[in-house]
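Raw start36.txt, compact mmCIF, C-alpha atoms:
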```
# COMPACT_ATOMS: atom_id res chain seq x y z
CA MET R 242 14.79 -15.58 -70.64
CA ILE R 243 14.74 -17.51 -67.37
CA SER R 244 15.69 -15.41 -64.33
CA THR R 245 18.44 -16.36 -61.89
CA LYS R 246 15.92 -16.94 -59.12
CA ASN R 247 13.79 -19.25 -61.28
CA PHE R 248 16.92 -21.12 -62.35
CA LEU R 249 17.84 -21.75 -58.71
CA ILE R 250 14.26 -22.77 -57.88
CA ILE R 251 14.40 -25.32 -60.70
CA LEU R 252 17.74 -26.64 -59.39
CA ILE R 253 16.39 -27.08 -55.86
CA THR R 254 13.30 -28.82 -57.24
CA CYS R 255 15.52 -31.15 -59.29
CA PHE R 256 17.58 -31.82 -56.16
CA PHE R 257 14.50 -32.88 -54.21
CA ILE R 258 13.22 -35.09 -57.02
CA PHE R 259 16.64 -36.70 -57.46
CA VAL R 260 17.26 -37.51 -53.77
CA THR R 261 13.68 -38.80 -53.42
CA VAL R 262 14.00 -41.14 -56.39
CA LYS R 263 17.50 -42.23 -55.36
CA PHE R 264 16.58 -43.00 -51.77
CA TYR R 265 13.53 -44.88 -53.01
CA SER R 266 15.91 -47.12 -54.98
CA PHE R 267 17.95 -47.66 -51.79
CA TYR R 268 14.71 -48.52 -49.99
CA ILE R 269 13.72 -51.03 -52.69
CA GLU R 270 17.07 -52.83 -52.59
CA HIS R 271 17.47 -52.51 -48.79
CA SER R 272 20.90 -50.98 -49.34
CA GLU R 273 23.52 -51.85 -46.74
CA TRP R 274 24.72 -48.30 -46.18
CA GLN R 275 22.14 -45.62 -46.99
CA TYR R 276 18.96 -47.46 -45.92
CA SER R 277 20.19 -49.93 -43.30
CA ASP R 278 21.80 -47.25 -41.16
CA TRP R 279 18.32 -46.04 -40.15
CA LEU R 280 17.49 -49.56 -38.87
CA ILE R 281 20.19 -49.62 -36.17
CA ASN R 282 18.38 -49.55 -32.81
CA TYR R 283 18.72 -50.46 -29.13
CA GLN R 284 17.11 -53.90 -29.34
CA GLY R 285 20.54 -55.45 -28.79
CA GLY R 286 21.43 -53.03 -26.02
CA PHE R 287 22.58 -49.42 -25.87
CA ILE R 288 24.97 -48.82 -28.76
CA ARG R 289 26.26 -45.92 -30.83
CA ARG R 290 24.26 -44.82 -33.89
CA GLY R 291 21.03 -46.38 -32.58
CA PHE R 292 19.00 -43.48 -31.16
CA ILE R 293 17.02 -42.40 -34.22
CA GLY R 294 16.64 -46.04 -35.27
CA GLU R 295 15.12 -46.90 -31.90
CA ILE R 296 12.63 -44.04 -32.24
CA LEU R 297 11.61 -45.29 -35.68
CA PHE R 298 11.47 -48.88 -34.41
CA GLN R 299 9.16 -47.95 -31.52
CA LEU R 300 6.95 -46.05 -33.94
CA TYR R 301 6.78 -49.22 -36.03
CA ARG R 302 5.80 -51.23 -32.94
CA ILE R 303 2.94 -49.00 -31.89
CA SER R 304 1.60 -48.44 -35.38
CA SER R 305 0.48 -50.69 -38.19
CA ILE R 306 2.98 -49.12 -40.60
CA SER R 307 5.84 -51.20 -41.96
CA LEU R 308 9.26 -50.12 -40.65
CA ASP R 309 10.76 -49.69 -44.11
CA ILE R 310 7.86 -47.44 -45.10
CA ILE R 311 8.40 -45.37 -41.94
CA ILE R 312 12.07 -44.93 -42.87
CA LEU R 313 11.21 -44.01 -46.45
CA ILE R 314 8.67 -41.38 -45.38
CA PHE R 315 10.94 -40.05 -42.63
CA VAL R 316 14.00 -39.55 -44.86
CA ILE R 317 12.01 -38.03 -47.72
CA THR R 318 10.36 -35.67 -45.22
CA LEU R 319 13.80 -34.56 -44.02
CA TYR R 320 14.79 -33.79 -47.61
CA LEU R 321 11.54 -31.90 -48.06
CA PHE R 322 12.42 -29.71 -45.06
CA LEU R 323 15.96 -29.21 -46.37
CA SER R 324 14.60 -28.16 -49.76
CA TYR R 325 12.28 -25.71 -48.01
CA PHE R 326 15.24 -24.17 -46.17
CA LEU R 327 17.12 -23.92 -49.48
CA PHE R 328 14.17 -22.06 -51.00
CA LYS R 329 14.12 -19.74 -47.98
CA SER R 330 17.84 -19.05 -48.44
CA LEU R 331 17.30 -17.64 -51.93
CA LYS R 332 15.75 -14.52 -50.41
CA TYR R 333 19.12 -13.51 -48.95
CA LEU R 334 21.30 -14.08 -52.02
CA LYS R 335 20.10 -10.74 -53.48
CA ASP R 336 21.16 -11.47 -57.06
CA SER R 337 24.82 -11.30 -56.06
CA ASN R 338 27.04 -13.34 -58.39
CA GLU R 339 29.32 -14.15 -55.47
CA ASN R 340 26.39 -15.43 -53.43
CA ILE R 341 25.13 -17.51 -56.35
CA LEU R 342 28.53 -19.21 -56.60
CA ILE R 343 28.49 -19.73 -52.81
CA PHE R 344 25.05 -21.31 -53.09
CA LEU R 345 26.09 -23.47 -56.06
CA SER R 346 29.37 -24.62 -54.55
CA PRO R 347 30.12 -28.23 -55.60
CA GLY R 348 30.31 -29.03 -51.88
CA PHE R 349 26.75 -28.00 -51.06
CA PHE R 350 23.36 -29.36 -52.17
CA LEU R 351 24.67 -30.23 -55.65
CA TYR R 352 27.08 -32.74 -54.08
CA PRO R 353 24.53 -35.55 -53.48
CA ILE R 354 23.36 -35.23 -57.10
CA MET R 355 26.90 -35.82 -58.35
CA ASN R 356 27.73 -38.41 -55.66
CA SER R 357 24.51 -40.33 -55.16
CA GLY R 358 26.11 -42.61 -52.57
CA VAL R 359 25.71 -39.89 -49.93
CA VAL R 360 21.95 -39.65 -50.47
CA GLY R 361 20.02 -40.79 -47.40
CA ARG R 362 22.95 -40.60 -45.01
CA LYS R 363 22.35 -39.35 -41.48
CA GLU R 364 24.01 -35.97 -42.01
CA ILE R 365 20.63 -34.88 -43.37
CA LEU R 366 19.69 -34.55 -39.69
CA ILE R 367 22.22 -31.80 -38.97
CA PHE R 368 21.38 -29.97 -42.21
CA CYS R 369 17.71 -29.82 -41.24
CA LEU R 370 18.54 -28.73 -37.70
CA MET R 371 20.86 -25.98 -38.91
CA GLY R 372 18.14 -24.77 -41.27
CA PHE R 373 15.63 -24.95 -38.42
CA PHE R 374 17.75 -22.77 -36.14
CA VAL R 375 18.36 -20.26 -38.96
CA PHE R 376 14.76 -19.83 -40.07
CA CYS R 377 12.61 -20.91 -37.11
CA ASN R 378 14.49 -19.62 -34.05
CA LYS R 379 12.24 -16.53 -33.92
CA TYR R 380 9.33 -18.71 -32.78
CA PHE R 381 11.12 -19.75 -29.58
CA LYS R 382 12.33 -17.98 -26.48
CA SER R 383 16.03 -18.35 -25.71
CA LYS R 384 15.51 -20.80 -22.83
CA ASN R 385 13.43 -23.06 -25.07
CA LEU R 386 15.99 -22.73 -27.85
CA LEU R 387 18.67 -23.95 -25.45
CA ILE R 388 16.59 -27.02 -24.64
CA ILE R 389 16.09 -27.72 -28.35
CA LEU R 390 19.83 -27.33 -28.93
CA VAL R 391 20.76 -29.84 -26.22
CA VAL R 392 18.12 -32.34 -27.35
CA SER R 393 19.46 -31.91 -30.89
CA PHE R 394 22.95 -32.84 -29.69
CA PHE R 395 21.72 -36.13 -28.26
CA LEU R 396 19.59 -36.88 -31.32
CA LEU R 397 22.47 -36.19 -33.72
CA CYS R 398 25.43 -37.71 -31.92
CA LEU R 399 23.69 -40.83 -30.64
CA SER R 400 22.37 -41.43 -34.16
CA HIS R 401 25.72 -40.83 -35.87
CA SER R 402 28.72 -40.50 -33.55
CA GLY R 403 30.75 -38.65 -36.19
CA LEU R 404 28.37 -35.70 -36.00
CA LEU R 405 29.79 -34.96 -32.54
CA PHE R 406 32.63 -33.14 -34.32
CA TYR R 407 30.14 -30.86 -36.07
CA THR R 408 28.30 -29.71 -32.93
CA PRO R 409 30.59 -26.63 -32.66
CA TYR R 410 28.89 -25.27 -35.79
CA MET R 411 25.54 -25.49 -33.99
CA VAL R 412 27.00 -23.94 -30.84
CA PHE R 413 28.36 -20.99 -32.80
CA LEU R 414 25.04 -20.55 -34.59
CA TYR R 415 23.28 -20.55 -31.22
CA ILE R 416 25.69 -17.86 -29.97
CA LEU R 417 24.96 -15.74 -33.04
CA ILE R 418 21.22 -16.13 -32.47
CA LYS R 419 21.62 -14.94 -28.89
CA LEU R 420 23.74 -11.97 -29.94
CA SER R 421 21.29 -11.04 -32.70
CA ARG R 422 18.69 -10.73 -29.91
CA ASP R 423 21.02 -8.47 -27.92
CA GLU R 424 21.30 -11.14 -25.24
CA LYS R 425 24.53 -12.08 -23.51
CA ILE R 426 25.76 -15.64 -23.21
CA LYS R 427 25.30 -16.83 -19.65
CA PHE R 428 27.62 -19.22 -17.79
CA PHE R 429 24.69 -21.58 -17.22
CA GLU R 430 24.14 -21.86 -20.97
CA LEU R 431 27.80 -22.63 -21.67
CA PHE R 432 27.88 -25.14 -18.81
CA THR R 433 24.75 -26.86 -20.15
CA ILE R 434 26.00 -26.94 -23.74
CA PHE R 435 29.51 -28.20 -23.10
CA GLY R 436 28.36 -30.48 -20.28
CA SER R 437 25.93 -32.12 -22.68
CA ILE R 438 28.64 -32.56 -25.30
CA LEU R 439 30.95 -34.12 -22.69
CA ILE R 440 28.24 -36.57 -21.58
CA ILE R 441 27.59 -37.56 -25.20
CA PHE R 442 31.33 -37.99 -25.79
CA LEU R 443 31.60 -40.34 -22.81
CA LEU R 444 28.55 -42.32 -23.94
CA ILE R 445 30.09 -42.78 -27.38
CA ILE R 446 33.53 -43.73 -26.03
CA LEU R 447 32.09 -46.25 -23.56
CA ASN R 448 29.84 -47.81 -26.19
CA HIS R 449 31.93 -47.35 -29.33
CA GLN R 450 32.52 -51.02 -30.11
CA THR R 451 29.50 -53.28 -30.38
CA THR R 452 29.78 -57.04 -29.88
CA THR R 453 28.72 -59.54 -32.52
CA LEU R 454 25.91 -60.68 -30.20
CA ASN R 455 24.56 -57.11 -30.05
CA VAL R 456 24.56 -56.89 -33.84
CA ILE R 457 22.83 -60.28 -34.19
CA LYS R 458 20.04 -59.18 -31.83
CA ILE R 459 19.55 -55.94 -33.77
CA CYS R 460 19.45 -57.85 -37.05
CA GLU R 461 16.87 -60.24 -35.62
CA SER R 462 14.67 -57.31 -34.52
CA VAL R 463 14.56 -55.97 -38.10
CA SER R 464 14.95 -59.26 -39.96
CA ASP R 465 12.01 -58.52 -42.27
CA PHE R 466 13.63 -55.33 -43.49
CA VAL R 467 17.28 -56.26 -44.11
CA THR R 468 19.29 -58.56 -46.34
CA TYR R 469 19.99 -62.08 -45.10
CA ASN R 470 23.67 -61.38 -44.28
CA CYS R 471 22.83 -58.34 -42.15
CA LYS R 472 25.50 -58.78 -39.46
CA ASP R 473 28.32 -59.33 -41.96
CA SER R 474 27.92 -56.30 -44.21
CA GLY R 475 27.35 -52.59 -44.42
CA GLN R 476 26.55 -50.40 -41.44
CA PHE R 477 25.78 -53.35 -39.16
CA PHE R 478 29.21 -54.85 -39.75
CA ALA R 479 30.82 -51.44 -39.15
CA LEU R 480 29.24 -51.35 -35.68
CA SER R 481 31.68 -54.02 -34.51
CA MET R 482 34.70 -51.92 -35.52
CA SER R 483 36.45 -50.02 -32.74
CA ALA R 484 38.15 -46.62 -33.05
CA ASN R 485 41.49 -48.46 -33.24
CA ASP R 486 40.16 -50.56 -36.12
CA HIS R 487 39.27 -47.41 -38.03
CA VAL R 488 42.69 -45.84 -37.41
CA SER R 489 44.47 -49.09 -38.36
CA PHE R 490 42.45 -49.31 -41.58
CA PHE R 491 43.33 -45.70 -42.30
CA ARG R 492 47.04 -46.39 -41.88
CA SER R 493 47.24 -49.79 -43.57
CA GLY R 494 45.70 -48.59 -46.80
CA ASN R 495 47.96 -45.54 -47.10
CA TYR R 496 44.71 -43.65 -47.42
CA PHE R 497 46.20 -40.34 -46.38
CA TYR R 498 48.86 -40.38 -49.09
CA ASN R 499 46.50 -41.63 -51.81
CA SER R 500 43.72 -39.14 -51.25
CA PHE R 501 45.16 -36.10 -49.50
CA PHE R 502 46.03 -34.15 -52.65
CA VAL R 503 42.57 -34.53 -54.20
CA TYR R 504 40.69 -33.65 -51.02
CA ILE R 505 42.84 -30.70 -49.97
CA LEU R 506 42.33 -29.11 -53.39
CA SER R 507 38.63 -29.94 -53.23
CA PHE R 508 38.33 -28.33 -49.81
CA PHE R 509 39.84 -25.05 -51.00
CA ALA R 510 37.82 -25.09 -54.23
CA VAL R 511 34.54 -25.77 -52.43
CA ASN R 512 35.17 -22.95 -49.95
CA PHE R 513 36.78 -20.53 -52.40
CA PHE R 514 33.98 -18.01 -52.93
CA LEU R 515 32.53 -18.32 -49.42
CA GLY R 516 36.04 -17.92 -48.01
CA ILE R 517 36.69 -14.74 -50.00
CA LYS R 518 33.30 -13.27 -49.07
CA ILE R 519 33.81 -13.98 -45.37
CA TYR R 520 37.42 -12.80 -45.41
CA TYR R 521 36.33 -9.39 -46.68
CA SER R 522 33.85 -8.89 -43.86
CA ARG R 523 33.67 -8.06 -40.19
CA PHE R 524 31.11 -8.78 -37.49
CA LYS R 525 29.10 -5.76 -36.42
CA ILE R 526 28.83 -7.30 -32.95
CA LYS R 527 31.20 -5.88 -30.34
CA TYR R 528 30.34 -8.45 -27.68
CA LEU R 529 33.15 -10.97 -27.07
CA TYR R 530 35.28 -8.75 -29.37
CA LEU R 531 33.81 -10.44 -32.41
CA ASN R 532 34.19 -7.24 -34.40
CA LYS R 533 37.97 -7.51 -33.88
CA ILE R 534 38.19 -11.05 -35.28
CA ASN R 535 38.08 -11.86 -38.96
CA PRO R 536 35.05 -14.20 -39.40
CA SER R 537 37.11 -16.48 -41.67
CA LEU R 538 39.32 -17.37 -38.68
CA ILE R 539 36.26 -18.52 -36.72
CA LEU R 540 35.01 -20.67 -39.59
CA PHE R 541 38.49 -22.14 -40.07
CA PHE R 542 38.62 -22.94 -36.35
CA LEU R 543 35.24 -24.70 -36.57
CA PHE R 544 36.59 -26.79 -39.44
CA PHE R 545 39.76 -27.53 -37.47
CA LEU R 546 37.64 -29.11 -34.72
CA THR R 547 36.31 -31.65 -37.25
CA LEU R 548 39.76 -32.99 -38.21
CA PRO R 549 39.63 -36.11 -35.96
CA ILE R 550 36.81 -37.56 -38.05
CA TYR R 551 39.11 -37.61 -41.09
CA ILE R 552 41.16 -40.23 -39.25
CA LEU R 553 38.22 -42.16 -37.82
CA GLY R 554 36.30 -42.28 -41.11
CA ILE R 555 37.48 -42.46 -44.71
CA ASP R 556 34.48 -40.63 -46.20
CA TRP R 557 36.49 -37.44 -46.60
CA GLY R 558 34.21 -36.08 -49.32
CA ARG R 559 31.23 -36.37 -47.00
CA TRP R 560 33.05 -34.62 -44.17
CA ILE R 561 33.90 -31.67 -46.46
CA PHE R 562 30.29 -31.64 -47.68
CA ILE R 563 28.95 -31.52 -44.10
CA SER R 564 31.35 -28.75 -43.05
CA TYR R 565 30.50 -26.55 -46.01
CA SER R 566 26.76 -27.06 -45.57
CA CYS R 567 26.98 -26.04 -41.90
CA MET R 568 29.06 -22.98 -42.79
CA PHE R 569 26.55 -22.02 -45.48
CA PHE R 570 23.67 -21.94 -43.00
CA ILE R 571 25.74 -19.85 -40.59
CA TYR R 572 26.48 -17.46 -43.46
CA ILE R 573 22.79 -17.22 -44.38
CA PHE R 574 21.91 -16.45 -40.77
CA CYS R 575 24.48 -13.65 -40.77
CA LEU R 576 22.92 -12.22 -43.93
CA LYS R 577 19.40 -12.67 -42.57
CA SER R 578 20.23 -10.95 -39.27
CA ASN R 579 22.55 -8.33 -40.82
CA LEU R 580 25.44 -9.33 -38.57
CA LEU R 581 28.25 -8.77 -41.07
CA LEU R 582 29.75 -5.67 -42.60
CA PHE R 583 31.14 -6.51 -46.05
CA TYR R 584 34.04 -4.82 -47.80
CA GLU R 585 33.94 -4.68 -51.56
CA ASN R 586 36.35 -6.95 -53.41
CA VAL R 587 36.75 -4.81 -56.51
CA ILE R 588 38.72 -7.31 -58.62
CA LEU R 589 36.35 -10.23 -58.06
CA LYS R 590 33.30 -8.00 -58.55
CA LYS R 591 34.60 -6.76 -61.93
CA ILE R 592 35.35 -10.31 -63.08
CA LEU R 593 31.96 -11.72 -62.11
CA ALA R 594 30.11 -8.68 -63.46
CA LYS R 595 30.86 -9.81 -67.02
CA LYS R 596 28.02 -12.11 -67.97
CA PHE R 597 30.00 -14.43 -70.24
CA ILE R 598 32.74 -14.92 -67.65
CA MET R 599 30.19 -15.50 -64.90
CA ILE R 600 28.43 -18.22 -66.94
CA PHE R 601 31.79 -19.78 -67.82
CA ILE R 602 32.92 -19.87 -64.18
CA LEU R 603 29.53 -21.12 -63.00
CA PHE R 604 29.54 -24.02 -65.44
CA PHE R 605 33.07 -25.23 -64.72
CA TYR R 606 32.96 -24.50 -60.99
CA SER R 607 29.53 -25.88 -60.12
CA PHE R 608 28.54 -28.44 -62.74
CA PHE R 609 31.66 -29.75 -64.49
CA TRP R 610 33.49 -31.56 -61.70
CA THR R 611 33.14 -33.10 -58.25
CA PHE R 612 35.14 -35.25 -55.85
CA PRO R 613 34.24 -38.79 -54.67
CA PHE R 614 32.97 -39.10 -51.13
CA TYR R 615 35.68 -41.65 -50.30
CA ASP R 616 38.91 -43.08 -51.72
CA ALA R 617 39.44 -40.31 -54.26
CA LYS R 618 42.38 -41.03 -56.53
CA ASN R 619 41.31 -38.33 -58.98
CA PHE R 620 38.70 -35.69 -59.45
CA LYS R 621 35.45 -36.82 -61.00
CA LEU R 622 34.30 -35.16 -64.23
CA VAL R 623 30.51 -35.07 -64.13
CA LEU R 624 29.99 -35.16 -67.90
CA LYS R 625 32.65 -37.77 -68.60
CA LYS R 626 30.37 -40.81 -68.87
CA PRO R 627 27.69 -39.12 -71.02
CA PHE R 628 30.44 -37.76 -73.28
CA ILE R 629 32.00 -41.23 -73.68
CA GLN R 630 28.59 -42.72 -74.47
CA ILE R 631 28.01 -40.09 -77.16
CA ILE R 632 31.41 -40.80 -78.72
CA LYS R 633 30.72 -44.55 -78.74
CA LYS R 634 27.40 -44.04 -80.50
CA LEU R 635 28.98 -41.75 -83.08
CA ASN R 636 31.62 -44.37 -83.79
```

Go ahead and render the structure in this file as structure tokens.
Amino acid sequence: MISTKNFLIILITCFFIFVTVKFYSFYIEHSEWQYSDWLINYQGGFIRRGFIGEILFQLYRISSISLDIIILIFVITLYLFLSYFLFKSLKYLKDSNENILIFLSPGFFLYPIMNSGVVGRKEILIFCLMGFFVFCNKYFKSKNLLIILVVSFFLLCLSHSGLLFYTPYMVFLYILIKLSRDEKIKFFELFTIFGSILIIFLLIILNHQTTTLNVIKICESVSDFVTYNCKDSGQFFALSMSANDHVSFFRSGNYFYNSFFVYILSFFAVNFFLGIKIYYSRFKIKYLYLNKINPSLILFFLFFLTLPIYILGIDWGRWIFISYSCMFFIYIFCLKSNLLLFYENVILKKILAKKFIMIFILFFYSFFWTFPFYDAKNFKLVLKKPFIQIIKKLN
């Protein structure tokens, strides 16, 4: 019989194969959202979302490699690193049924498989960086880690402005890394971190709306790698939208009322097992009185800081997916560094200890359903289409 660890290894391998094949299809068709976003650069002037695209564009200029090939290799490499960090995480699950359900939450790495439209989006950058800080921080001194953190902020937020709201997860992870080394947080570090975030915020605000001329120049710089109507569709068209345009779109479509119920239930379902595990724990660290604060309050506060993006962007499923993924890596670091003291939840442990019940919960919780990454009117049943196809053939 296949072991739990081998089952998870197979799932991660399937994840990597799926996202690779899917992004390759986006690369072939020059998709307007997943692929084109990596083409946005500074050839039309300094704009939001263009930092990583400018790096890739300059690499294209100084090399003989086609820009679309560079993007394909770059994104697949990021997914390779993410898969590696997922493999590394398995070591800390320790055959705990609760941890397996946390790992197989429908809001974690299974989400792109069930919602292929999020494959290749720029949030892969923050996932890889979170994994990097969790598993590779030991190779760097604290002062170098601070430099990497600040550089990461600029790379993330100037490549995707929405990721600014997720930087608190990275800040908290950095604090935990420092405390795991028995090092105190210095004023200079806090000043550098929050000063950098403020500078990035001002850069985004001052350059949030891009003119049509800017977009045309960018399209011309990558004309061989985009569709003919570049400036009028997809991510390039979205560049010309201001924050007010996003809020107006949000209000005019009654998006809040149409989707709130589905997404609020999805949020609680996605975080259910992680939330219970964290709630029944305490930090062992006394510094900053962390041992007096329930860790679930800290994670809820970090999520609270992301709420503005739910108004500025309608991809609510993606935002939940990003939040959970960041929280997962923080949780793994706590396990890895033995920072948490867990209290036994007797009722949940007894329920999950029964093999049949565990398999039943795992199937319906992790593989039976999902939620669309935007404009969710209902939950999405993963097996619905295959089931309908089978019924049609039988008839």

In Å and to one decimal, atom CA of Phe466 of chain R is distant from atom CA of Asp309 of chain R by 6.4 Å

**Prompt:** When distances are computed from only C-alpha atoms, which of R:Leu351, R:Pro536, R:Phe322, R:Phe292 shows the smallest separation from Ser393 of chain R?
**Reply:**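 Distance minimum relative to Ser393 of chain R lands on R:Phe292.
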
Query - Surrounding residues of Gly286 of chain R excluding itself and chain neighbours under 6 positions, 9 Å, all atoms listed in the file, as a count of residues only - result: 3

Here atom CA of Cys255 of chain R and atom CA of Phe328 of chain R stand apart by 12.4 Å

Figure out the distance between atom CA of Phe614 of chain R and atom CA of Asp556 of chain R, please, to one decimal in Å.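 For atom CA of Asp556 of chain R relative to atom CA of Phe614 of chain R, the distance reads 5.4 Å.
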
Min atom-atom distance to Phe501 of chain R from the set R:Phe259, R:Phe394, R:Phe374, R:Tyr551, counting only C-alpha atoms, belongs to R:Tyr551

Between R:Ser421, R:Thr468, R:Ser346, R:Ser566, smallest distance to Lys525 of chain R by all atoms listed in the file belongs to R:Ser421

How would segment 386-394 of chain R read, as an mmCIF file, keeping the file's coordinate frame, once all heavy atoms are built in?
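File out.cif, as written:
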```
data_model
loop_
_atom_site.group_PDB
_atom_site.id
_atom_site.type_symbol
_atom_site.label_atom_id
_atom_site.label_comp_id
_atom_site.auth_asym_id
_atom_site.auth_seq_id
_atom_site.Cartn_x
_atom_site.Cartn_y
_atom_site.Cartn_z
ATOM 1 N N LEU R 386 15.025 -22.452 -26.785
ATOM 2 C CA LEU R 386 15.990 -22.730 -27.850
ATOM 3 C C LEU R 386 17.180 -23.507 -27.314
ATOM 4 O O LEU R 386 17.721 -24.383 -27.999
ATOM 5 C CB LEU R 386 16.446 -21.412 -28.470
ATOM 6 C CG LEU R 386 16.875 -21.441 -29.941
ATOM 7 C CD1 LEU R 386 15.737 -21.908 -30.836
ATOM 8 C CD2 LEU R 386 17.369 -20.083 -30.384
ATOM 9 N N LEU R 387 17.572 -23.213 -26.081
ATOM 10 C CA LEU R 387 18.670 -23.950 -25.450
ATOM 11 C C LEU R 387 18.287 -25.418 -25.254
ATOM 12 O O LEU R 387 19.098 -26.316 -25.504
ATOM 13 C CB LEU R 387 19.024 -23.314 -24.109
ATOM 14 C CG LEU R 387 20.113 -24.016 -23.293
ATOM 15 C CD1 LEU R 387 21.436 -24.016 -24.046
ATOM 16 C CD2 LEU R 387 20.265 -23.359 -21.923
ATOM 17 N N ILE R 388 17.072 -25.647 -24.824
ATOM 18 C CA ILE R 388 16.590 -27.020 -24.640
ATOM 19 C C ILE R 388 16.593 -27.763 -25.974
ATOM 20 O O ILE R 388 17.042 -28.915 -26.061
ATOM 21 C CB ILE R 388 15.174 -27.026 -24.027
ATOM 22 C CG1 ILE R 388 15.207 -26.440 -22.618
ATOM 23 C CG2 ILE R 388 14.594 -28.437 -24.014
ATOM 24 C CD1 ILE R 388 13.838 -26.228 -21.996
ATOM 25 N N ILE R 389 16.112 -27.107 -27.016
ATOM 26 C CA ILE R 389 16.090 -27.720 -28.350
ATOM 27 C C ILE R 389 17.499 -28.033 -28.817
ATOM 28 O O ILE R 389 17.753 -29.093 -29.407
ATOM 29 C CB ILE R 389 15.377 -26.784 -29.351
ATOM 30 C CG1 ILE R 389 13.903 -26.618 -28.984
ATOM 31 C CG2 ILE R 389 15.496 -27.336 -30.781
ATOM 32 C CD1 ILE R 389 13.179 -25.578 -29.807
ATOM 33 N N LEU R 390 18.434 -27.117 -28.534
ATOM 34 C CA LEU R 390 19.830 -27.330 -28.930
ATOM 35 C C LEU R 390 20.403 -28.573 -28.265
ATOM 36 O O LEU R 390 21.021 -29.420 -28.928
ATOM 37 C CB LEU R 390 20.662 -26.104 -28.578
ATOM 38 C CG LEU R 390 22.149 -26.179 -28.948
ATOM 39 C CD1 LEU R 390 22.326 -26.123 -30.454
ATOM 40 C CD2 LEU R 390 22.935 -25.049 -28.272
ATOM 41 N N VAL R 391 20.214 -28.699 -26.961
ATOM 42 C CA VAL R 391 20.760 -29.840 -26.220
ATOM 43 C C VAL R 391 20.120 -31.152 -26.675
ATOM 44 O O VAL R 391 20.822 -32.154 -26.880
ATOM 45 C CB VAL R 391 20.559 -29.636 -24.702
ATOM 46 C CG1 VAL R 391 20.921 -30.905 -23.938
ATOM 47 C CG2 VAL R 391 21.393 -28.456 -24.212
ATOM 48 N N VAL R 392 18.806 -31.141 -26.853
ATOM 49 C CA VAL R 392 18.120 -32.340 -27.350
ATOM 50 C C VAL R 392 18.647 -32.701 -28.738
ATOM 51 O O VAL R 392 18.839 -33.882 -29.050
ATOM 52 C CB VAL R 392 16.591 -32.113 -27.390
ATOM 53 C CG1 VAL R 392 15.899 -33.267 -28.113
ATOM 54 C CG2 VAL R 392 16.038 -31.960 -25.980
ATOM 55 N N SER R 393 18.918 -31.684 -29.547
ATOM 56 C CA SER R 393 19.460 -31.910 -30.890
ATOM 57 C C SER R 393 20.813 -32.599 -30.827
ATOM 58 O O SER R 393 21.111 -33.476 -31.639
ATOM 59 C CB SER R 393 19.581 -30.585 -31.638
ATOM 60 O OG SER R 393 18.334 -29.974 -31.824
ATOM 61 N N PHE R 394 21.645 -32.201 -29.859
ATOM 62 C CA PHE R 394 22.950 -32.840 -29.690
ATOM 63 C C PHE R 394 22.809 -34.338 -29.473
ATOM 64 O O PHE R 394 23.505 -35.143 -30.098
ATOM 65 C CB PHE R 394 23.708 -32.223 -28.513
ATOM 66 C CG PHE R 394 24.219 -30.831 -28.751
ATOM 67 C CD1 PHE R 394 24.569 -30.019 -27.694
ATOM 68 C CD2 PHE R 394 24.345 -30.337 -30.034
ATOM 69 C CE1 PHE R 394 25.045 -28.738 -27.898
ATOM 70 C CE2 PHE R 394 24.823 -29.052 -30.269
ATOM 71 C CZ PHE R 394 25.170 -28.256 -29.187
#
```
